[in-house]
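*Asks:* The structure's right below; bear with me while I get my questions together.
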Amino acid sequence: MQYEREFSNWDRLSVSLPDPRTLVPISVIEQTLNQMRDEGQSRYPLLEFYPTMAAIRFGDFAAEQVILDDELVSRVAEEERVMRRPLNLEQVIRLALANTANCVRPGFSADALNDLNRVFYGRNSDEFTSVMVGSIPLQKALAGFIEAEFEGKTIRVKELAAGANVYKRWQEVDRNLPAGKQVEVVATDFSTNTLPNPEQLQFEAGQVSMTAEVYDLSESMQPVDSQDRFDVMLASFAFDSVWQSGDITLVKFNDKWYQELYRLRVHDRWPKRDEFLAVLRGESVTVDFEREDFHRVEVERILVPFKPDDHQFGRDIIEHYRRASVARFNFPAGIIRRVEEAFEHQLTDSGIFVILDCATNDPWGGMIDPTGQKGAPNEAFEKVGALDRFKDAAYYKPENFNLAAKILQEHGFRVEVVLVNDFIAQNGDEYPEVDQFGPNNWAMIVRKA
């Protein structure tokens, strides 16, 4: 098998990959695992290439990260005994990928991380207030935005993936609305555990009234009667944490396209392993897990070839990046689908969909050609990769707003994409705290054309 070299686009340095034919004796694997455990490491990768563009390729797929555990050691030892020689790296990795012990799902998929995020947010929603909810300048800006866009009428707002502490946002909006302005808010999330309590829905000024109902962002939006349609639909830090149908991470290098797939594996020697696996698989209800317990879940990653016909927007994606030899980004099909559904079924003709999220707005997806001749570097994307983790708990994906906006415009929408800081400056009475919202936080504002 030909030895290959890839480069790291982040540090512009050449990365020498190990030859897949390299022999890996079982003694080396055992020593590596034991050393990581002796050092108190919380993760045990056998192979790890991230966030570089490097990966070890084996014909029809590439491996980016696989995890080392006792089951794999046993399998490698048995194969070495039968073959009477050490296995090479390719054989070891193939055994690792075939090892489904302690995996939430046996196979790799685009939406595997939903299993972990749903447990985390369902368990910890009442303990978690995002900066999007906690920022007073942002809530003042939302109040100003609502007042400027809809004068002289009662405004109906629906908030998606709101979270249990969303009432704090609307308390602040309530304090900052001009006298006489009335706003009716329907807060939604995927379970009653992730929504505010009824007693939290009463506000001092009384200009905002609020109700809560269950709606899972991964489900299609259903039609409502004309009198029940909304003027504003709001989603903040919502789409980046839910892998909807069609949401995919794509990688292009050497002018070839790949899709990244995931698999969750729980540490094998962890005392809570079986209990946590049952919860992640949906076989039992959530029990009392601590935030640090989520450190015990690893994500394995592989790349598989991607072709235009593999996705509804496959040809749009490939055409958009035709001049780039290198790219890595998340394609937000879920945003496009939910925006279209919202205007068809639930928003008024003059309605507005506001999305505040972790995103990239770089036309090249944050990646550039190594020669520096194509596109421009996006410093924000270099800090927030195609997949990231919130304090070692839930995973999120910075959405490609640039490509989503382009497709929505082609589908008959007017789309504005601005930094969250600029949204606040345009609609509030003060410039926001720079430390709260940086170059990774964007606002997408969508209207009918």
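Ligands are numbered from 1 in the order shown, chains are lettered A, B, ... in the order of the structure tokens, and residues start at 1 in each chain.
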Using DSSP assignments from the backbone, pull out every residue in region 176-369 of chain A that falls under strand (DSSP E) and give it to me as JSON, numbers by chain.

*Replies:* {"A": [183, 184, 185, 186, 187, 188, 189, 208, 209, 210, 211, 212, 213, 214, 230, 231, 232, 233, 234, 235, 236, 248, 249, 250, 251, 252, 253, 256, 257, 258, 259, 260, 261, 262, 263, 264, 265, 266, 297, 298, 299, 300, 301, 302, 303, 304, 305, 327, 328, 329, 330, 331, 347, 348, 349, 350, 351, 352, 353, 354, 355, 356, 357, 358, 359, 360]}

*Asks:* Would you give me, as CSV, each residue of region 142-207 of chain A having an atom within 12 Å of an atom of region 438-447 of chain A, along with its shortest atom pair and that distance in Å to one decimal, using only C-alpha atoms and sorting by chain and residue number?

*Replies:*
residue,atom,partner,partner_atom,distance
A:Leu142,CA,A:Ala443,CA,11.7
A:Phe145,CA,A:Ile445,CA,11.2
A:Glu149,CA,A:Arg447,CA,11.6

*Asks:* With N, CA and C atoms kept, could you save the residues just selected as an mmCIF file, in the first residue's frame?

*Replies:*
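Once written, out_7.cif looks like this:
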data_model
loop_
_atom_site.group_PDB
_atom_site.id
_atom_site.type_symbol
_atom_site.label_atom_id
_atom_site.label_comp_id
_atom_site.auth_asym_id
_atom_site.auth_seq_id
_atom_site.Cartn_x
_atom_site.Cartn_y
_atom_site.Cartn_z
ATOM 1 N N LEU A 142 -32.845 42.469 21.111
ATOM 2 C CA LEU A 142 -34.036 41.763 20.633
ATOM 3 C C LEU A 142 -35.282 42.612 20.851
ATOM 4 N N PHE A 145 -35.209 45.237 18.236
ATOM 5 C CA PHE A 145 -35.487 44.641 16.930
ATOM 6 C C PHE A 145 -36.987 44.424 16.753
ATOM 7 N N GLU A 149 -39.278 46.384 13.928
ATOM 8 C CA GLU A 149 -39.831 45.602 12.819
ATOM 9 C C GLU A 149 -41.352 45.557 12.825
#

*Asks:* Between CA of Tyr258 (chain A) and CA of Arg296 (chain A), what distance in Å does the model show, to one decimal?

*Replies:* 27.9 Å

*Asks:* Just asking: which residues within region 131-196 of chain A are helix (DSSP H, G or I) according to DSSP, as a count of residues only?

*Replies:* 31

*Asks:* Out of A:Asp228, A:Glu199, A:Glu151, A:Glu64, which residue has the shortest atom-to-atom distance to Thr348 (chain A) when counting only C-alpha atoms?

*Replies:* A:Asp228

*Asks:* Could you check the closest approach to Glu204 (chain A) for each of A:Ala393, A:Ala96, A:Ile67, A:Leu177 and tell me which residue wins, using only C-alpha atoms?

*Replies:*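 Using only C-alpha atoms, the shortest distance to Glu204 (chain A) belongs to A:Leu177.
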
*Asks:* Which residue is closest to Pro25 (chain A)? Choose from A:Asn421, A:Gln41, A:Asn117, A:Asn88 and count only C-alpha atoms.

*Replies:*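 Looking only at the distances to Pro25 (chain A), the closest residue turns out to be A:Asn88.
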
*Asks:* In terms of the shortest atom-to-atom distance over only C-alpha atoms, which of A:Ala425, A:Val304, A:Leu95, A:Leu195 is closest to Lys252 (chain A)?

*Replies:*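 So, comparing all the options, the nearest one is A:Val304.
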
*Asks:* I'd like the neighbourhood of Ala394 (chain A) as an NGL selection string, where a residue qualifies if any of its atoms comes within 9 Å (using only C-alpha atoms), though same-chain residues fewer than 4 positions away should be ignored.

*Replies:* :A and (113 or 116-121 or 241 or 294 or 388-390)

*Asks:* For the selection just defined, write its residues with N, CA and C atoms to a file, as a compact mmCIF listing (two decimals), in the first residue's frame.

*Replies:*
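Output file selection-v9.txt follows:
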# COMPACT_ATOMS: atom_id res chain seq x y z
N LEU A 113 -24.08 11.77 17.37
CA LEU A 113 -23.85 12.64 18.52
C LEU A 113 -25.15 13.13 19.15
N LEU A 116 -25.77 11.59 22.63
CA LEU A 116 -25.08 12.20 23.77
C LEU A 116 -25.68 13.56 24.11
N ASN A 117 -25.91 14.39 23.10
CA ASN A 117 -26.42 15.74 23.36
C ASN A 117 -27.80 15.71 24.00
N ARG A 118 -28.64 14.78 23.56
CA ARG A 118 -29.99 14.72 24.12
C ARG A 118 -29.94 14.40 25.61
N VAL A 119 -29.05 13.50 26.01
CA VAL A 119 -28.92 13.16 27.43
C VAL A 119 -28.36 14.35 28.20
N PHE A 120 -27.33 14.99 27.64
CA PHE A 120 -26.72 16.12 28.35
C PHE A 120 -27.70 17.26 28.55
N TYR A 121 -28.32 17.71 27.48
CA TYR A 121 -29.23 18.86 27.59
C TYR A 121 -30.49 18.50 28.35
N SER A 241 -26.42 22.22 17.85
CA SER A 241 -26.33 21.09 18.79
C SER A 241 -27.25 19.93 18.42
N PHE A 294 -19.60 12.87 31.45
CA PHE A 294 -19.60 12.91 29.99
C PHE A 294 -18.20 12.86 29.42
N ASP A 388 -16.89 20.44 17.59
CA ASP A 388 -16.28 20.92 18.83
C ASP A 388 -17.10 20.43 20.01
N ARG A 389 -16.59 20.68 21.21
CA ARG A 389 -17.23 20.16 22.40
C ARG A 389 -17.40 21.25 23.44
N PHE A 390 -18.58 21.27 24.07
CA PHE A 390 -18.86 22.25 25.10
C PHE A 390 -18.40 21.72 26.45

*Asks:* Hey, what's within 6 Å of region 321-326 of chain A if we count only C-alpha atoms and toss same-chain stuff fewer than 4 positions away? As a list in words, please?

*Replies:*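 The neighbour list is Lys252, Phe253, Asn254, Asp255 and Asp369 of chain A.
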
*Asks:* Quick one: residues within 9 Å of Leu97 (chain A), only C-alpha atoms counted, chain neighbours fewer than 2 positions away excluded, as number ranges by chain?

*Replies:* A: 63, 66-67, 92-95, 99-100, 107, 300

*Asks:* Choose the residue, out of A:Val297, A:Leu250, A:Ile352, A:Ala179, that has the smallest atom-to-atom separation from Ile318 (chain A); count only C-alpha atoms.

*Replies:*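 Smallest separation from Ile318 (chain A) among the options: A:Leu250.
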
*Asks:* Determine, counting only C-alpha atoms, which protein, DNA and RNA residues have an atom within 12 Å of an atom of Ile248 (chain A); residues of the same chain fewer than 6 positions away are not included. Present the result as a PyMOL selection string.

*Replies:* chain A and resi 109-113+240+242+258-262+303-304+306+310-314+317+328-335+386-387+397-400
